[in-house]
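S.K.: Please see the structure below; I have some questions.
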Amino acid sequence: MNCLLLAAAPFAPVDQDYLFEARQMQALSFAVHIPLVCFGIAFPAFVLLLEGLWLRTGDPIYRTIAKRWSKVMLALFAVGVVTGTILSFELGLLWPNFMATFGDVFGLGFTLEAFSFFLEAIFIAIYVYGWDRLSPRAHFLSGIPVVVAGFTGSLMVLTVNAWMNSPGGFTLVDGRVSDVRPLEALFGNDYLWHELIHMYLAGYLVAGFLTASVYAWGWLRGRRGRYERIALVVPLTIAALAAPVQIVVGDWAARSVAREQPTKLAAFEGLYETEAGAPVHLGGWYDGDEIRYGIPLPRLLSLLSFHDPSARVEGLEEAPADERLPVNVVRIAFQTMVGIGFVLAGISAFYVFVWLRRKRLPHSIWFYRAVVAAGPLSVVALIAGWVTTEVGRQPWVVYGHMRTEEAVTGATGIPVGYASLVLVYAGLLAAIVWILRRLACAPVEIQPGPSGVAPLAAGAARPDAEDPR
Amino acid sequence: MTLAEAPLVLMLVGLAAYAVLGGADFGAAFWQLGARGERGAQLREHAYQAMGPVWEANHVWLVFVLVICWTAYPEAFASIFSTLTVPLFVAALGIVLRGTAYAVHAGTAREIERRAVDGVFSISSILTPFALGTAVGAIASGRVPVGNARGDLVTSWLNPTSLAVGVLAVATGTYLAAVYLAGDGARAGRADLAAAFRRRALGAGVSTGAIALIALVIVRLDGGRVGERLLEWPALAAVAVSAIAGLVTLELVRRSRFETARYCSSAAVASIVVGWALAQRPELLPNLTVDEAAAGRPTMIATVVGIAIGAAILVPSLALLFRLVLRGRFDAADADEEPTREQRRSSGRSRTWALALGAGSLGLGLTLVFDDGLGLAVGVVALLGFVALGAVALVGEIAKADVAGTTEQPP
């Protein structure tokens with residue numbers, strides 16, 4: 001269109017002294033937002049499952065937990081809404097050239113996401129404010145769009161991230177985009193699906209283990225009533241089922257990276273020279289051309305990347321020197337994510353195994369300690385995963401087409417903005433911790449039905465019990 | 001309306017909705033600012049309750065405007081956000097502070113906590129619309145050139161027009177909020193609250209009208225194109241509609257006809273947005289018409305179609321939410337008895353677990369073997385099926401086990 005008449009000049013690359021700070025600012029905003037996204041994805045499903053159990057069994061304790069959790073869900077959603085808004089502002093504030101050049105290629109993904117966001121906001125309000133005011137059936141149904149919107153929202157946002165990693169659906173002529181095919185760019189992308197499923201499951205893992213970890217902590221301190229026990233096993237069971245699946249999905253993701261972004265894959269391992277039958281090193285340090293002090297596992301990289309122990313794997317040497325990425329950051333993040341993934345799967349397998357064989361929860365105190373640790377660990381894995389994919393894409397913002405330094409704003413004052421954001425987010429985190437503790441201190445009141453046969457073990461739900469949520 | 005303008009019209013709908021609904025949310029916090037003592041506590045609680053179910057949805061309108069802008073008019077978006085870095089960043093921080101304060105206000109117990117949280121909430125609720133208003137003023141007065149941060153980072157938004165629009169944005173919000181809260185009070189049967197906000201609505205209505213007139217003069221004197229054209233056809237029609245709707249609202253409020261006043265005051269504010277758009281047409285930014293700014297045809301079509309499909313789901317959902325709210329279904333006094341259900345014992349682990357295991361094995365095999373295509377897709381869906389079915393099968397069983405007493409107490 002007429003945009004061709006405008007010279008490329010208005011959005012030509014600029015000198016920005018604080019590119020690194022701009023990247024840190026974006027990364028910080030993202031790191032604060034993404035754990036909240038996990039709760040947006042998975043927590044509504046936990047709450048609905050509990051409400052479903054109430055509808056099926058008539059046991060009021062499920063309803064009590066669901067109702068209390070739904071308040072947590074709304075508070076976290078509210079914070080997720082505003083931290084998500086910051087991210088969308090920052091796209092324009094920090095990366096105007098990226099938006100000006102490619103907004104019309106990937107923007108549709110965000111436009112569709114806005115509708116998911118709308119639906120989630122509408123139905124989460126109906127759900128949370130509708131307790132006691134809608135019929136039980138209508139209330140349960142009003143929660144379903146929240147779960148669905150959690151999925152479609154992830155889908156739409158990840159179409160954009162997948163496109164940044166594996167861009168298509170446009171032609172670039174002299175730095176200007178033409179022949180834009182937005183649907184192909186967003187949905188005709190092999191990269192989308194593994195990112196989507198990997199992230200969606202991560203939402204269940206993080207929300208599940210983090211919630212379980214709170215109740216496991218209470219368990220260790222003697223809070224083992226019926227309320228606490230159900231609140232522990234529901235998120236833990238869901239996360240335990242998702243954890244092993246996440247490993248299989250991760251394997252799929254790594255194979256796709258091997259095909260589409262060989263440099264990123266080489267950085268996962270720190271493989272400098274292209275070789276057939278490439279090994280994996282556990283731990284150690286990449287010193288510029290090899291891994292020092294790592295434990296080598298021969299042929300494993302070829303096996304994992306291509307399911308063939310003697311497959312040829314491209315090394316970092318294949319990429320031009322100015323297109324190499326910070327290998328150690330990517331590699332350590334990747335190994336952290338994978339390592340934690342296996343630990344979580346191990347805890348999960350133990351838990352499910354004990355249940356299936358013995359019909360009871362594990363006795364070992366170490367199991368509950370491990371669950372306490374699993375919550376924070378899952379968040380670390382989540383962030384490490386995003387570091388892997390985002391730093392692994394460097395120096396590109398649009399892989400192979402636009403470098404990050406070409407995208408950045410020409411405005412001054414980035415350090416000031418960064419410092420204010422740090423302060424505001426420090427306050428935000430303090431506020432979240434405070435509100436969660438405060439919500440948790442509200443006494444648990446289980447109102448049994450008139451049938452009066454609520455099988456509450458005496459002392460199981462102490463009205464004064466300090467429940468951790 | 002051309003294809004190049006269609007997304008812009010949708011953006012303006014979103015912007016008007018945000019100015020009205022989001023503005024009222026911001027304004028409600030303004031009324032909390034001065035409220036003291038026992039009576040003040042009631043006013044504050046009333047304002048929070050009125051906002052409760054709708055503020056997240058109201059806020060999404062802003063995101064809606066942004067995403068259409070960067071999809072359909074990417075260069076305009078990039079120019080605006082890079083030049084107006086300061087007010088937009090302030091607005092973003094204000095939004096975070098406000099949302100956080102809202103999320104935590106329910107947990108406040110002691111007076112000092114409550115004051116701190118309410119203070120942050122009210123101040124950010126004034127700061128945010130003011131900052132967004134200055135940004136609108138910058139665009140309206142032609143101070144945002146095309147390019148990466150090509151405009152002056154300070155004077156682009158610190159100028160007469162920007163300040164006037166910023167103040168107007170705060171004022172319209174307080175005005176709308178007073179009208180809405182009077183209506184909410186009347187609906188909830190709280191005559192005292194209705195009367196309190198009726199007085200505030202009348203006062204705010206008169207002052208907002210005066211501010212709007214002054215702003216019109218300032219914008220005119222500031223010398224931009226928009227200032228001139230606001231008083232010409234067709235923008236003048238919108239300005240006139242706004243003025244008339246404002247006057248009618250005053251009379252409706254005086255007669256305590258709050259529900260009609262709710263719509264009339266909204267029309268008064270929405271008309272200002274329309275008037276601005278008509279005055280600025282056809283230029284989005286200086287030397288950048290809407291046609292020039294528009295993305296390529298496929299993107300524009302996809303955007304419009306996407307929004308049409310989205311709207312087909314969104315509009316009934318929004319209608320449902322507002323109907324529930326405006327009919328008072330979510331009001332505190334309305335709570336029914338705690339519903340109870342007959343206790344039932346369901347059968348033990350059913351075939352669901354077997355089904356889950358089947359799906360899991362199928363998914364594992366297919367996902368490991370296939371790199372792409374249908375085999376992989378089926379495999380992944382089967383894996384997700386394993387998680388979902390497994391959760392349904394196991395969660396109920398493990399949770400229920402307590403009832404049956406089969407779970408031993410750990411030592």
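Residue numbering restarts at 1 for every chain of the structure tokens, chains are lettered A, B, ... in their displayed order, and ligands are numbered from 1 as they appear.
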Could you pull the residues within 12 Å of Leu288 of chain B, counting only C-alpha atoms, minus those fewer than 2 positions along the same chain, as a PDB file with N, CA and C atoms, in the first residue's frame?
M.R.:
ATOM      1  N   ASN A   2       0.238   2.285   0.461  1.00  0.00           N
ATOM      2  CA  ASN A   2       0.944   3.553   0.448  1.00  0.00           C
ATOM      3  C   ASN A   2       2.122   3.610   1.396  1.00  0.00           C
ATOM      4  N   CYS A   3       2.163   2.688   2.315  1.00  0.00           N
ATOM      5  CA  CYS A   3       3.271   2.732   3.263  1.00  0.00           C
ATOM      6  C   CYS A   3       4.591   2.616   2.508  1.00  0.00           C
ATOM      7  N   LEU A   5       5.387   4.346   0.151  1.00  0.00           N
ATOM      8  CA  LEU A   5       5.827   5.694  -0.210  1.00  0.00           C
ATOM      9  C   LEU A   5       6.739   6.288   0.862  1.00  0.00           C
ATOM     10  N   LEU A   6       6.497   5.853   2.108  1.00  0.00           N
ATOM     11  CA  LEU A   6       7.318   6.394   3.180  1.00  0.00           C
ATOM     12  C   LEU A   6       8.692   5.740   3.101  1.00  0.00           C
ATOM     13  N   PRO A  10      12.115   6.709   8.748  1.00  0.00           N
ATOM     14  CA  PRO A  10      11.549   6.998  10.074  1.00  0.00           C
ATOM     15  C   PRO A  10      11.803   5.888  11.088  1.00  0.00           C
TER      16      PRO A  10
ATOM     17  N   TYR B  73      -2.354  -0.291  12.036  1.00  0.00           N
ATOM     18  CA  TYR B  73      -1.609   0.946  11.771  1.00  0.00           C
ATOM     19  C   TYR B  73      -0.263   0.906  12.484  1.00  0.00           C
ATOM     20  N   PRO B  74       0.583  -0.056  12.099  1.00  0.00           N
ATOM     21  CA  PRO B  74       1.784  -0.303  12.906  1.00  0.00           C
ATOM     22  C   PRO B  74       2.715   0.908  13.024  1.00  0.00           C
ATOM     23  N   GLU B  75       2.869   1.673  11.947  1.00  0.00           N
ATOM     24  CA  GLU B  75       3.811   2.782  12.029  1.00  0.00           C
ATOM     25  C   GLU B  75       3.269   3.891  12.925  1.00  0.00           C
ATOM     26  N   ALA B  76       1.967   4.102  12.865  1.00  0.00           N
ATOM     27  CA  ALA B  76       1.381   5.098  13.758  1.00  0.00           C
ATOM     28  C   ALA B  76       1.571   4.674  15.209  1.00  0.00           C
ATOM     29  N   PHE B  77       1.324   3.399  15.470  1.00  0.00           N
ATOM     30  CA  PHE B  77       1.485   2.894  16.832  1.00  0.00           C
ATOM     31  C   PHE B  77       2.917   3.101  17.318  1.00  0.00           C
ATOM     32  N   SER B  79       5.185   5.164  16.252  1.00  0.00           N
ATOM     33  CA  SER B  79       5.508   6.581  16.406  1.00  0.00           C
ATOM     34  C   SER B  79       4.943   7.120  17.718  1.00  0.00           C
ATOM     35  N   ILE B 139      -1.444  13.652  20.385  1.00  0.00           N
ATOM     36  CA  ILE B 139      -1.813  13.196  19.038  1.00  0.00           C
ATOM     37  C   ILE B 139      -2.738  14.227  18.371  1.00  0.00           C
ATOM     38  N   GLY B 142      -1.103  17.267  16.961  1.00  0.00           N
ATOM     39  CA  GLY B 142      -0.114  17.049  15.910  1.00  0.00           C
ATOM     40  C   GLY B 142       1.329  17.119  16.383  1.00  0.00           C
ATOM     41  N   VAL B 144       3.081  14.465  17.410  1.00  0.00           N
ATOM     42  CA  VAL B 144       3.749  13.170  17.279  1.00  0.00           C
ATOM     43  C   VAL B 144       4.091  12.939  15.816  1.00  0.00           C
ATOM     44  N   PRO B 145       5.342  13.165  15.413  1.00  0.00           N
ATOM     45  CA  PRO B 145       5.714  12.912  14.030  1.00  0.00           C
ATOM     46  C   PRO B 145       5.927  11.423  13.788  1.00  0.00           C
ATOM     47  N   VAL B 146       5.893  11.035  12.526  1.00  0.00           N
ATOM     48  CA  VAL B 146       6.148   9.643  12.171  1.00  0.00           C
ATOM     49  C   VAL B 146       7.614   9.327  12.419  1.00  0.00           C
ATOM     50  N   GLY B 147       7.887   8.197  13.035  1.00  0.00           N
ATOM     51  CA  GLY B 147       9.275   7.777  13.233  1.00  0.00           C
ATOM     52  C   GLY B 147       9.528   7.321  14.650  1.00  0.00           C
ATOM     53  N   GLN B 280     -10.097  15.175  13.442  1.00  0.00           N
ATOM     54  CA  GLN B 280      -8.739  14.812  13.036  1.00  0.00           C
ATOM     55  C   GLN B 280      -8.696  14.132  11.670  1.00  0.00           C
ATOM     56  N   ARG B 281      -9.803  13.553  11.259  1.00  0.00           N
ATOM     57  CA  ARG B 281      -9.870  12.851   9.999  1.00  0.00           C
ATOM     58  C   ARG B 281      -9.398  13.746   8.859  1.00  0.00           C
ATOM     59  N   PRO B 282      -8.661  13.322   7.865  1.00  0.00           N
ATOM     60  CA  PRO B 282      -8.222  11.955   7.638  1.00  0.00           C
ATOM     61  C   PRO B 282      -6.796  11.685   8.126  1.00  0.00           C
ATOM     62  N   GLU B 283      -6.198  12.621   8.835  1.00  0.00           N
ATOM     63  CA  GLU B 283      -4.807  12.393   9.248  1.00  0.00           C
ATOM     64  C   GLU B 283      -4.748  11.706  10.602  1.00  0.00           C
ATOM     65  N   LEU B 284      -3.897  10.674  10.668  1.00  0.00           N
ATOM     66  CA  LEU B 284      -3.697   9.983  11.939  1.00  0.00           C
ATOM     67  C   LEU B 284      -2.608  10.721  12.706  1.00  0.00           C
ATOM     68  N   LEU B 285      -1.516  10.987  11.998  1.00  0.00           N
ATOM     69  CA  LEU B 285      -0.405  11.776  12.525  1.00  0.00           C
ATOM     70  C   LEU B 285      -0.076  12.797  11.443  1.00  0.00           C
ATOM     71  N   PRO B 286       0.708  13.824  11.778  1.00  0.00           N
ATOM     72  CA  PRO B 286       1.058  14.801  10.739  1.00  0.00           C
ATOM     73  C   PRO B 286       1.695  14.104   9.537  1.00  0.00           C
ATOM     74  N   VAL B 290      -4.809   8.166   7.272  1.00  0.00           N
ATOM     75  CA  VAL B 290      -5.243   6.827   7.658  1.00  0.00           C
ATOM     76  C   VAL B 290      -4.912   5.838   6.546  1.00  0.00           C
ATOM     77  N   ASP B 291      -5.135   6.242   5.313  1.00  0.00           N
ATOM     78  CA  ASP B 291      -4.844   5.353   4.191  1.00  0.00           C
ATOM     79  C   ASP B 291      -3.380   4.978   4.147  1.00  0.00           C
ATOM     80  N   GLU B 292      -2.514   5.985   4.363  1.00  0.00           N
ATOM     81  CA  GLU B 292      -1.075   5.707   4.319  1.00  0.00           C
ATOM     82  C   GLU B 292      -0.633   4.845   5.488  1.00  0.00           C
ATOM     83  N   ALA B 293      -1.268   5.047   6.619  1.00  0.00           N
ATOM     84  CA  ALA B 293      -0.856   4.312   7.822  1.00  0.00           C
ATOM     85  C   ALA B 293      -1.334   2.866   7.803  1.00  0.00           C
ATOM     86  N   ALA B 294      -2.371   2.595   7.013  1.00  0.00           N
ATOM     87  CA  ALA B 294      -3.005   1.281   7.069  1.00  0.00           C
ATOM     88  C   ALA B 294      -2.058   0.181   6.608  1.00  0.00           C
TER      89      ALA B 294
END
S.K.: Just want the 9 Å neighbourhood of segment 177-186 of chain B, counted on only C-alpha atoms, with same-chain residues fewer than 2 positions away dropped. Output as a ChimeraX atom specification.
M.R.: /B:21,23-31,46-47,50,172-175,188-202,204-205,249,253,256-259,261-262,265,326,328
S.K.: Considering only C-alpha atoms, return as an MDAnalysis selection string whatever protein or nucleic-acid residues lie within 9 Å of segment 208-211 of chain A, sequence-local ones (same chain, fewer than 5 positions apart) excluded.
M.R.: chainID A and resid 39 42:43 46 203 216 231:232 234:240 344 371:379 469
S.K.: Deliver the residues from the most recent selection as a file, using N, CA and C atoms, as a PDB file, in the first residue's frame.
M.R.:
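New file again31.pdb:
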ATOM      1  N   PHE A  39      -1.281 -19.358  36.547  1.00  0.00           N
ATOM      2  CA  PHE A  39      -2.488 -19.438  37.368  1.00  0.00           C
ATOM      3  C   PHE A  39      -3.734 -19.122  36.547  1.00  0.00           C
ATOM      4  N   ALA A  42      -4.331 -22.529  34.608  1.00  0.00           N
ATOM      5  CA  ALA A  42      -4.637 -23.793  35.284  1.00  0.00           C
ATOM      6  C   ALA A  42      -5.570 -23.658  36.483  1.00  0.00           C
ATOM      7  N   PHE A  43      -5.490 -22.544  37.182  1.00  0.00           N
ATOM      8  CA  PHE A  43      -6.244 -22.451  38.421  1.00  0.00           C
ATOM      9  C   PHE A  43      -7.754 -22.575  38.199  1.00  0.00           C
ATOM     10  N   PHE A  46      -8.597 -26.140  38.194  1.00  0.00           N
ATOM     11  CA  PHE A  46      -8.587 -26.749  39.531  1.00  0.00           C
ATOM     12  C   PHE A  46      -9.902 -26.439  40.258  1.00  0.00           C
ATOM     13  N   GLY A 203       1.839 -24.343  32.575  1.00  0.00           N
ATOM     14  CA  GLY A 203       0.865 -23.648  33.417  1.00  0.00           C
ATOM     15  C   GLY A 203       0.309 -24.577  34.488  1.00  0.00           C
ATOM     16  N   ALA A 216       1.692 -28.524  51.318  1.00  0.00           N
ATOM     17  CA  ALA A 216       2.688 -29.472  51.831  1.00  0.00           C
ATOM     18  C   ALA A 216       3.460 -28.833  52.987  1.00  0.00           C
ATOM     19  N   ALA A 231      -6.967 -30.021  49.540  1.00  0.00           N
ATOM     20  CA  ALA A 231      -6.324 -28.899  48.854  1.00  0.00           C
ATOM     21  C   ALA A 231      -4.912 -29.254  48.418  1.00  0.00           C
ATOM     22  N   LEU A 232      -4.306 -30.225  49.085  1.00  0.00           N
ATOM     23  CA  LEU A 232      -2.977 -30.688  48.659  1.00  0.00           C
ATOM     24  C   LEU A 232      -3.079 -31.646  47.480  1.00  0.00           C
ATOM     25  N   VAL A 234      -5.460 -32.339  45.216  1.00  0.00           N
ATOM     26  CA  VAL A 234      -6.059 -31.977  43.925  1.00  0.00           C
ATOM     27  C   VAL A 234      -5.019 -31.351  42.985  1.00  0.00           C
ATOM     28  N   PRO A 235      -4.336 -30.254  43.395  1.00  0.00           N
ATOM     29  CA  PRO A 235      -3.335 -29.705  42.471  1.00  0.00           C
ATOM     30  C   PRO A 235      -2.157 -30.645  42.263  1.00  0.00           C
ATOM     31  N   LEU A 236      -1.807 -31.392  43.315  1.00  0.00           N
ATOM     32  CA  LEU A 236      -0.642 -32.279  43.186  1.00  0.00           C
ATOM     33  C   LEU A 236      -0.920 -33.389  42.185  1.00  0.00           C
ATOM     34  N   THR A 237      -2.116 -33.948  42.222  1.00  0.00           N
ATOM     35  CA  THR A 237      -2.429 -35.045  41.309  1.00  0.00           C
ATOM     36  C   THR A 237      -2.407 -34.554  39.861  1.00  0.00           C
ATOM     37  N   ILE A 238      -2.991 -33.384  39.636  1.00  0.00           N
ATOM     38  CA  ILE A 238      -3.014 -32.871  38.263  1.00  0.00           C
ATOM     39  C   ILE A 238      -1.591 -32.597  37.779  1.00  0.00           C
ATOM     40  N   ALA A 239      -0.791 -31.956  38.618  1.00  0.00           N
ATOM     41  CA  ALA A 239       0.589 -31.673  38.218  1.00  0.00           C
ATOM     42  C   ALA A 239       1.366 -32.964  38.023  1.00  0.00           C
ATOM     43  N   ALA A 240       1.075 -33.960  38.861  1.00  0.00           N
ATOM     44  CA  ALA A 240       1.811 -35.220  38.764  1.00  0.00           C
ATOM     45  C   ALA A 240       1.503 -35.934  37.461  1.00  0.00           C
ATOM     46  N   LEU A 344      10.787 -33.078  38.885  1.00  0.00           N
ATOM     47  CA  LEU A 344       9.336 -32.995  39.083  1.00  0.00           C
ATOM     48  C   LEU A 344       8.658 -34.281  38.634  1.00  0.00           C
ATOM     49  N   VAL A 371       7.785 -31.888  47.839  1.00  0.00           N
ATOM     50  CA  VAL A 371       6.667 -31.155  47.233  1.00  0.00           C
ATOM     51  C   VAL A 371       6.779 -29.668  47.567  1.00  0.00           C
ATOM     52  N   VAL A 372       7.212 -29.363  48.788  1.00  0.00           N
ATOM     53  CA  VAL A 372       7.412 -27.957  49.147  1.00  0.00           C
ATOM     54  C   VAL A 372       8.422 -27.326  48.179  1.00  0.00           C
ATOM     55  N   ALA A 373       9.495 -28.042  47.901  1.00  0.00           N
ATOM     56  CA  ALA A 373      10.519 -27.504  46.995  1.00  0.00           C
ATOM     57  C   ALA A 373      10.027 -27.450  45.558  1.00  0.00           C
ATOM     58  N   ALA A 374       9.120 -28.364  45.201  1.00  0.00           N
ATOM     59  CA  ALA A 374       8.691 -28.471  43.800  1.00  0.00           C
ATOM     60  C   ALA A 374       8.028 -27.191  43.311  1.00  0.00           C
ATOM     61  N   GLY A 375       7.333 -26.486  44.200  1.00  0.00           N
ATOM     62  CA  GLY A 375       6.645 -25.255  43.789  1.00  0.00           C
ATOM     63  C   GLY A 375       7.619 -24.232  43.237  1.00  0.00           C
ATOM     64  N   PRO A 376       8.546 -23.753  44.091  1.00  0.00           N
ATOM     65  CA  PRO A 376       9.528 -22.784  43.580  1.00  0.00           C
ATOM     66  C   PRO A 376      10.351 -23.338  42.418  1.00  0.00           C
ATOM     67  N   LEU A 377      10.689 -24.642  42.487  1.00  0.00           N
ATOM     68  CA  LEU A 377      11.486 -25.220  41.392  1.00  0.00           C
ATOM     69  C   LEU A 377      10.741 -25.122  40.066  1.00  0.00           C
ATOM     70  N   SER A 378       9.427 -25.349  40.110  1.00  0.00           N
ATOM     71  CA  SER A 378       8.681 -25.298  38.845  1.00  0.00           C
ATOM     72  C   SER A 378       8.705 -23.887  38.267  1.00  0.00           C
ATOM     73  N   VAL A 379       8.697 -22.879  39.143  1.00  0.00           N
ATOM     74  CA  VAL A 379       8.776 -21.501  38.642  1.00  0.00           C
ATOM     75  C   VAL A 379      10.160 -21.259  38.024  1.00  0.00           C
ATOM     76  N   ARG A 469      -3.723 -20.931  52.479  1.00  0.00           N
ATOM     77  CA  ARG A 469      -4.204 -20.146  51.340  1.00  0.00           C
ATOM     78  C   ARG A 469      -5.371 -19.298  51.767  1.00  0.00           C
TER      79      ARG A 469
END
S.K.: Within 10 Å of Phe98 of chain A, counting only C-alpha atoms, which residues show up once you throw out same-chain ones fewer than 5 positions away? Write them as a list in words, please.
M.R.: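 The contact residues come out as Phe11, Leu91, Gly92, Gly103, Val397, Val398, Met402, Arg403, Thr404, Glu405, Glu406, Ala407, Val408 and Thr409 of chain A; Pro74, Glu75 and Ala78 of chain B.
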S.K.: Smallest atom-to-atom distance to chain A: which of B:Arg351, B:Arg255, B:Arg44, B:Arg297, using only C-alpha atoms?
M.R.: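 Once distances to chain A are computed over only C-alpha atoms, the minimum belongs to B:Arg297.
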S.K.: As a count of residues only, which residues of segment 163-406 of chain A does DSSP assign to helix (DSSP H, G or I)?
M.R.: 158
S.K.: What gap, in Å, lies between atom CA of Ala354 of chain B and atom CA of Trp193 of chain A?
M.R.: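 So the answer is 27.1 Å.
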S.K.: So how many Å separate atom CA of Asp372 of chain B and atom CA of Pro395 of chain A, to one decimal?
M.R.: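 Answer for the atom CA of Asp372 of chain B to atom CA of Pro395 of chain A separation: 27.9 Å.
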S.K.: Any idea what's packed within 10 Å of Gln32 of chain B, counting only C-alpha atoms, ignoring anything in its chain fewer than 5 positions away? Could you give it as a PyMOL selection string?
M.R.: chain B and resi 27+40-48+118-119+121-122
S.K.: Of the candidates A:Tyr272, A:Trp355, A:Trp69, A:Trp366, which one gets nearest to chain B if we count only C-alpha atoms?
M.R.: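 Comparing A:Tyr272, A:Trp355, A:Trp69, A:Trp366 against chain B, the winner is A:Trp355.
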S.K.: Write out as a PyMOL selection string which residues come within 12 Å of Ala381 of chain A when counting only C-alpha atoms, dropping same-chain ones fewer than 6 positions away.
M.R.: chain A and resi 31+34-35+198-199+202-203+205-206+209+243+246+332-344+374-375+387-388
S.K.: Keeping N, CA and C atoms, export the residues of the selection given above as a compact mmCIF listing (two decimals), in the first residue's frame.
M.R.:
# COMPACT_ATOMS: atom_id res chain seq x y z
N ALA A 31 9.04 -11.89 33.33
CA ALA A 31 9.25 -12.84 34.41
C ALA A 31 8.21 -12.65 35.52
N ILE A 34 4.66 -14.05 33.76
CA ILE A 34 4.41 -15.42 33.28
C ILE A 34 3.96 -16.39 34.37
N PRO A 35 4.46 -16.28 35.63
CA PRO A 35 3.89 -17.19 36.63
C PRO A 35 2.40 -16.90 36.88
N HIS A 198 3.75 -27.09 25.27
CA HIS A 198 4.78 -27.05 26.31
C HIS A 198 4.41 -25.99 27.36
N MET A 199 3.99 -24.83 26.90
CA MET A 199 3.64 -23.75 27.83
C MET A 199 2.34 -24.05 28.56
N ALA A 202 3.06 -26.37 31.17
CA ALA A 202 3.84 -25.68 32.20
C ALA A 202 2.92 -24.91 33.14
N GLY A 203 1.84 -24.34 32.57
CA GLY A 203 0.86 -23.65 33.42
C GLY A 203 0.31 -24.58 34.49
N LEU A 205 1.72 -27.35 35.58
CA LEU A 205 2.80 -27.75 36.49
C LEU A 205 3.07 -26.68 37.53
N VAL A 206 3.20 -25.43 37.07
CA VAL A 206 3.55 -24.35 38.00
C VAL A 206 2.40 -24.11 38.98
N PHE A 209 2.08 -27.39 41.27
CA PHE A 209 3.12 -27.61 42.28
C PHE A 209 3.21 -26.45 43.27
N ALA A 243 3.42 -33.76 34.64
CA ALA A 243 4.89 -33.70 34.65
C ALA A 243 5.55 -34.70 33.71
N GLN A 246 5.05 -33.68 30.16
CA GLN A 246 5.86 -32.53 29.77
C GLN A 246 7.21 -32.96 29.22
N ILE A 332 22.90 -23.05 30.29
CA ILE A 332 22.60 -23.28 31.71
C ILE A 332 21.09 -23.23 31.94
N ALA A 333 20.43 -22.28 31.29
CA ALA A 333 18.97 -22.20 31.43
C ALA A 333 18.32 -23.49 30.94
N PHE A 334 18.79 -23.97 29.81
CA PHE A 334 18.21 -25.19 29.23
C PHE A 334 18.41 -26.37 30.16
N GLN A 335 19.64 -26.53 30.65
CA GLN A 335 19.91 -27.69 31.50
C GLN A 335 19.16 -27.58 32.83
N THR A 336 18.99 -26.35 33.31
CA THR A 336 18.22 -26.16 34.54
C THR A 336 16.78 -26.61 34.34
N MET A 337 16.20 -26.16 33.21
CA MET A 337 14.81 -26.52 32.92
C MET A 337 14.66 -28.04 32.83
N VAL A 338 15.55 -28.66 32.05
CA VAL A 338 15.42 -30.10 31.85
C VAL A 338 15.64 -30.84 33.17
N GLY A 339 16.65 -30.40 33.90
CA GLY A 339 16.95 -31.06 35.18
C GLY A 339 15.76 -30.99 36.12
N ILE A 340 15.19 -29.81 36.26
CA ILE A 340 14.04 -29.66 37.16
C ILE A 340 12.86 -30.47 36.64
N GLY A 341 12.71 -30.49 35.30
CA GLY A 341 11.62 -31.27 34.71
C GLY A 341 11.70 -32.73 35.14
N PHE A 342 12.92 -33.28 35.15
CA PHE A 342 13.06 -34.68 35.56
C PHE A 342 12.81 -34.86 37.05
N VAL A 343 13.27 -33.90 37.85
CA VAL A 343 13.01 -33.99 39.29
C VAL A 343 11.50 -33.99 39.55
N LEU A 344 10.79 -33.08 38.89
CA LEU A 344 9.34 -33.00 39.08
C LEU A 344 8.66 -34.28 38.63
N ALA A 374 9.12 -28.36 45.20
CA ALA A 374 8.69 -28.47 43.80
C ALA A 374 8.03 -27.19 43.31
N GLY A 375 7.33 -26.49 44.20
CA GLY A 375 6.64 -25.26 43.79
C GLY A 375 7.62 -24.23 43.24
N VAL A 387 13.94 -18.23 29.22
CA VAL A 387 15.28 -17.72 28.92
C VAL A 387 15.87 -18.52 27.76
N THR A 388 15.65 -19.84 27.81
CA THR A 388 16.19 -20.68 26.75
C THR A 388 15.68 -20.23 25.39
